[in-house]
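**Q** Pasting a structure below so you can have a look.
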Amino acid sequence: MIEHDVAPPVVGRQENQKEDRRSYGVTFRVVALSLALAVLMGYVIPIVDRKFSNTFIGAQHLPPGAIAVLLALLLIINPVMRLIGRRFAFSRNEILTVYITCLFSCLVPGHGGENIFISGLIGPFYFANAENKWLEILLPGLKSWFSPAINANGQYNTQLVQDWYNGNGGIIPWAAWMVPLAAWSAMILASYAMLGCLSVMLRAQWSEREALSFPLLRLPLEMTEDAGHSKTGTPFFRNRMMWVGFGIAVFIQLFNGLSIYFPEVPSVPLSINSDPLFGEVPWNQFQGAPMVFWPLVVGIAYLLTSEVSFSLWFFYWFIKLQLILAYYLGFAPLTLPKAIGGAGRSFVNYQMVGAYIAYALIVVWLAREHLGHVAQRAFRRVPAKESETSEALSYPAAFWGFVLSFLFLIAWSVAAGIRLDIALMLWLAYLITAIALTRLVVEGGLLFVQQGWTPMGAAAQIFNSGPGAWLAPPSIVPASFLQSSMLVDMRSFLMPSFVQSFKLAYDQGIKPRRLLPLIALVTIVSFGMSLWMNVRLGYEVGGLQLNRWFAQGSAQQPVSAIRDLINGARDVNAFNAFWLGTGMLITYGITMARSSFLWFPLHPLGYLACLTYPMSQLWFSIFLGWLCKRLITRFGGAESYRQAVPAFLGLALGDVTMMLFWLAIDGWQGRIGHQMMPG
């Protein structure tokens with residue numbers, strides 16, 4: 001794809017860096033620190049995210065927890081190390097390696113992602129009752145190893161489920177949990193391996209051939225410039241424009257935080273209540289349009305290419321205007337059924353499904369030459385290129401690792417009772433979604449992502465479900481659990497972390513073959529800690545007291561899908577396939593127009609994100625970032641844009657700093673529900 005408006009380069013390979021051990025990035029002290037942070041994050045993040053429901057330390061692809069570690073290393077640890085001796089200070093690559101590992105140790109235990117499987121395994125049983133008769137469907141449809149709620153005799157383990165939701169003082173029946181946790185951990189870790197191998201295969205294509213901008217790497221790179229060498233701090237912290245942006249964010253969030261504790265302190269309004277604007281027909285078809293100023297998002301949006309930032313907010317309104325048009329064409333207000341698991345009406349939901357399929361195919365097609373070389377290397381038909389030594393894995397290892405991981409996931413799904421073709425559909429949909437959402441992060445700069453549709457819901461309203469249908473009841477029950485755990489809330493899935501890490505390692509000269517084992521260790525440690533904490537918190541404080549989405553909303557997702565699918569999907573008609581095809585054609589048309597016309601202002605990424613919860617929360621801030629960039633460039637030129645970049649990075653850093661400050665205060669005071677980013 002052609003980049004019409006290229007953002008300033010984020011990194012450059014360090015040609016003159018000294019070849020000492022510290023320049024490799026992965027040193028003994030970095031390994032020790034990264035593993036210690038993995039234990040710490042795996043312990044602390046579940047408490048913050050699920051027990052207190054405060055601002056998430058992880059759960060976004062520029063994690064506040066990782067920025068906190070950078071600040072500690074740059075402003076506290078390194079100055080102390082220099083007092084002892086300059087050689088003891090952490091080098092830039094060591095600091096960036098720690099940051100890379102924090103992309104995993106913060107996201108793995110964070111809100112959303114695969115963490116919801118803990119409550120998802122027992123929640124449907126807790127919410128089952130004599131009226132809905134869900135136990136009659138759940139017990140025969142699941143293997144005994146699949147959930148701790150089912151004992152070895154296939155009976156409902158009532159006490160275990162009740163104790164987790166109501167609390168029992170912290171007495172954990174590990175004997176019942178161990179087998180399901182081991183089975184699900186094997187599946188989730190295999191999915192991590194699959195995404196890691198896929199990221200190795202795509203890194204060169206996305207980083208070098210397509211030269212994607214990777215806007216979320218800009219802040220850590222600027223913060224660490226000249227780290228380990230300068231005695232007076234990095235140039236970033238000496239930039240006055242940075243402190244202007246930093247001060248604006250601190251001023252706003254300081255007063256807003258104080259007003260929570262002291263109501264007499266005035267707050268700075270960050271949102272506009274737009275509901276009164278959309279209360280009457282036809283405007284009520286919009287179903288709301290939140291207008292919220294998130295300083296962090298504005299700062300990142302300023303770094304995006306103009307076509308990407310414009311497209312993100314433009315398509316948000318493009319979809320809403322379709323709802324107005326539908327009203328005038330005679331559709332009844334707010335009564336059209338939505339696709340199962342979708343976020344709107346069928347005709348717009350299926351456009352999104354088609355857009356994801358088309359965009360993933362386009363991404364693979366654009367990479368066909370490079371991926372063809374990877375496949376040839378896997379079968380030893382061509383020799384390795386010199387650049388392959390800079391990858392985290394050799395191409396044959398990445399190719400076969402991807403294939404074997406994918407086959408394991410299919411085998412696991414079949415063993416769980418899912419028919420082979422349905423298992424293939426689920427995991428292919430997972431890959432399609434992962435590729436598209438990763439592009440939204442590494443090119444669109446979105447802090448968190450979701451797709452807004454589910455593969456089983458989409459398939460059911462095209463092919464039907466229920467007795468005698470292709471999507472039949474024996475597969476619906478285990479498939480719904482798998483879908484709800486892996487495909488409903490992909491907010492903090494790991495493929496963007498892999499791609500950003502490999503990009504950073506390649507450009508900075510960090511040894512990737514040493515980095516990957518460290519990433520694997522950090523992932524396993526933080527994942528294990530988060531499992532222990534998620535189970536423990538339920539028995540200690542009661543699941544009903546934990547974050548509502550984690551313990552109740554997501555836990556009922558399998559039941560919701562089963563309820564809608566088991567007796568046959570509603571609203572099955574050929575128009576769903578028509579709208580799916582429409583979404584594919586629009587996505588393809590936008591891509592072709594970008595390639596053919598330099599003036600074309602739209603990017604398909606905006607179309608992918610338009611019908612999602614993240615975009616409903618972030619669109620206004622992205623618009624403000626785009627508007628600032630547009631005005632500064634229009635009246636001040638490219639040089640003024642570059643000079644203003646530190647101010648917007650400072651705005652982002654100041655916002656994250658205040659998140660960390662108020663997290664510490666809230667933890668000290670025991671306050672819950674204080675969120676400074678969308679929950």
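Ligands are numbered from 1 in the order shown, residues from 1 within each chain, and chains are lettered A, B, ... in the order they appear in the structure tokens.
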Env of Phe314 of chain A: 9 Å cut, atoms = only C-alpha atoms, seq-sep filter 4 positions within chain, self excluded. Answer as a list in words.
**A**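 Everything that qualifies: Ser309, Phe310, Phe318, Ile319, Leu602, Gly606, Tyr607, Cys610, Trp619 and Phe623 of chain A.
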**Q** List the spatial neighbours of Ser271 of chain A as a list in words - criterion: any atom at most 10 Å away, only C-alpha atoms, same-chain residues fewer than 2 positions off excluded.
**A** Val268, Pro269, Asn273, Ser274, Pro290, Met291, Val292, Phe293, Trp294 and Phe620 of chain A
**Q** From the set A:Gly466, A:Ala398, A:Gln557, A:Ile562, which residue has the shortest atom-to-atom contact distance to Ser199 of chain A, counting only C-alpha atoms?
**A**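 Closest to Ser199 of chain A, using only C-alpha atoms: A:Ala398.
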**Q** One number please: atom CA of Phe214 of chain A to atom CA of Asp507 of chain A, in Å, one decimal.
**A**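 Between these atoms lies a distance of 12.1 Å.
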**Q** Find the spatial neighbours of Leu409 of chain A, counting only C-alpha atoms, within a cut-off of 8 Å - ignore same-chain residues fewer than 2 positions away - and output them as number ranges by chain.
**A** A: 187, 190-191, 405-407, 411-413, 427
**Q** May I have the residues from that selection written out with C-alpha atoms, as a CSV table (one decimal), in the first residue's frame?
**A**
chain,number,residue,atom,x,y,z
A,187,MET,CA,-4.3,-23.8,24.1
A,190,ALA,CA,-0.1,-22.3,21.6
A,191,SER,CA,-2.1,-19.3,20.2
A,405,SER,CA,0.7,-24.3,16.5
A,406,PHE,CA,-2.3,-23.9,14.2
A,407,LEU,CA,-2.7,-27.7,13.9
A,411,ALA,CA,-6.8,-30.7,17.4
A,412,TRP,CA,-7.5,-29.1,20.8
A,413,SER,CA,-10.8,-27.8,19.5
A,427,TRP,CA,-9.3,-20.3,14.1
**Q** Please compute the atom CA of Asp226 of chain A-atom CA of Thr389 of chain A distance, one decimal, in Å.
**A** 26.4 Å
**Q** With distances taken over only C-alpha atoms, which residue among A:Pro478, A:Pro64, A:Pro124, A:Gly417 lies nearest Tyr165 of chain A?
**A**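 Selected residue with least distance to Tyr165 of chain A: A:Pro124.
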**Q** Interatomic distance between atom CA of Thr305 of chain A and atom CA of Leu107 of chain A?
**A**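 Going from atom CA of Thr305 of chain A over to atom CA of Leu107 of chain A, I get 26.1 Å.
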**Q** Taking only C-alpha atoms into account, which of A:Phe286, A:Arg203, A:Leu96, A:Val308 comes nearest Gln322 of chain A?
**A**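 Closest to Gln322 of chain A of all the choices is A:Phe286.
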**Q** Please return as a PyMOL selection string: the residues of segment 26-132 of chain A that backbone DSSP assigns to helix (DSSP H, G or I).
**A** chain A and resi 28-52+64-84+86-88+92-107+113-126
**Q** Considering only C-alpha atoms, can you say which of A:Ile47, A:Leu103, A:Leu62, A:Ile171 comes closest to Val522 of chain A?
**A**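 Residue with the minimum atom-to-atom distance to Val522 of chain A: A:Leu103.
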**Q** Counting only C-alpha atoms, which residues in segment 97-170 of chain A sit no more than 12 Å from segment 441-452 of chain A? For each one, give the nearest pair of atoms and the distance in Å, sorted by chain then residue number, as a Markdown table.
**A**
| residue | atom | partner | partner_atom | distance |
| --- | --- | --- | --- | --- |
| A:Leu107 | CA | A:Phe448 | CA | 10.7 |
| A:Gly110 | CA | A:Phe448 | CA | 11.5 |
| A:His111 | CA | A:Phe448 | CA | 10.6 |
| A:Gly112 | CA | A:Gln450 | CA | 9.9 |
| A:Gly113 | CA | A:Gln450 | CA | 9.8 |
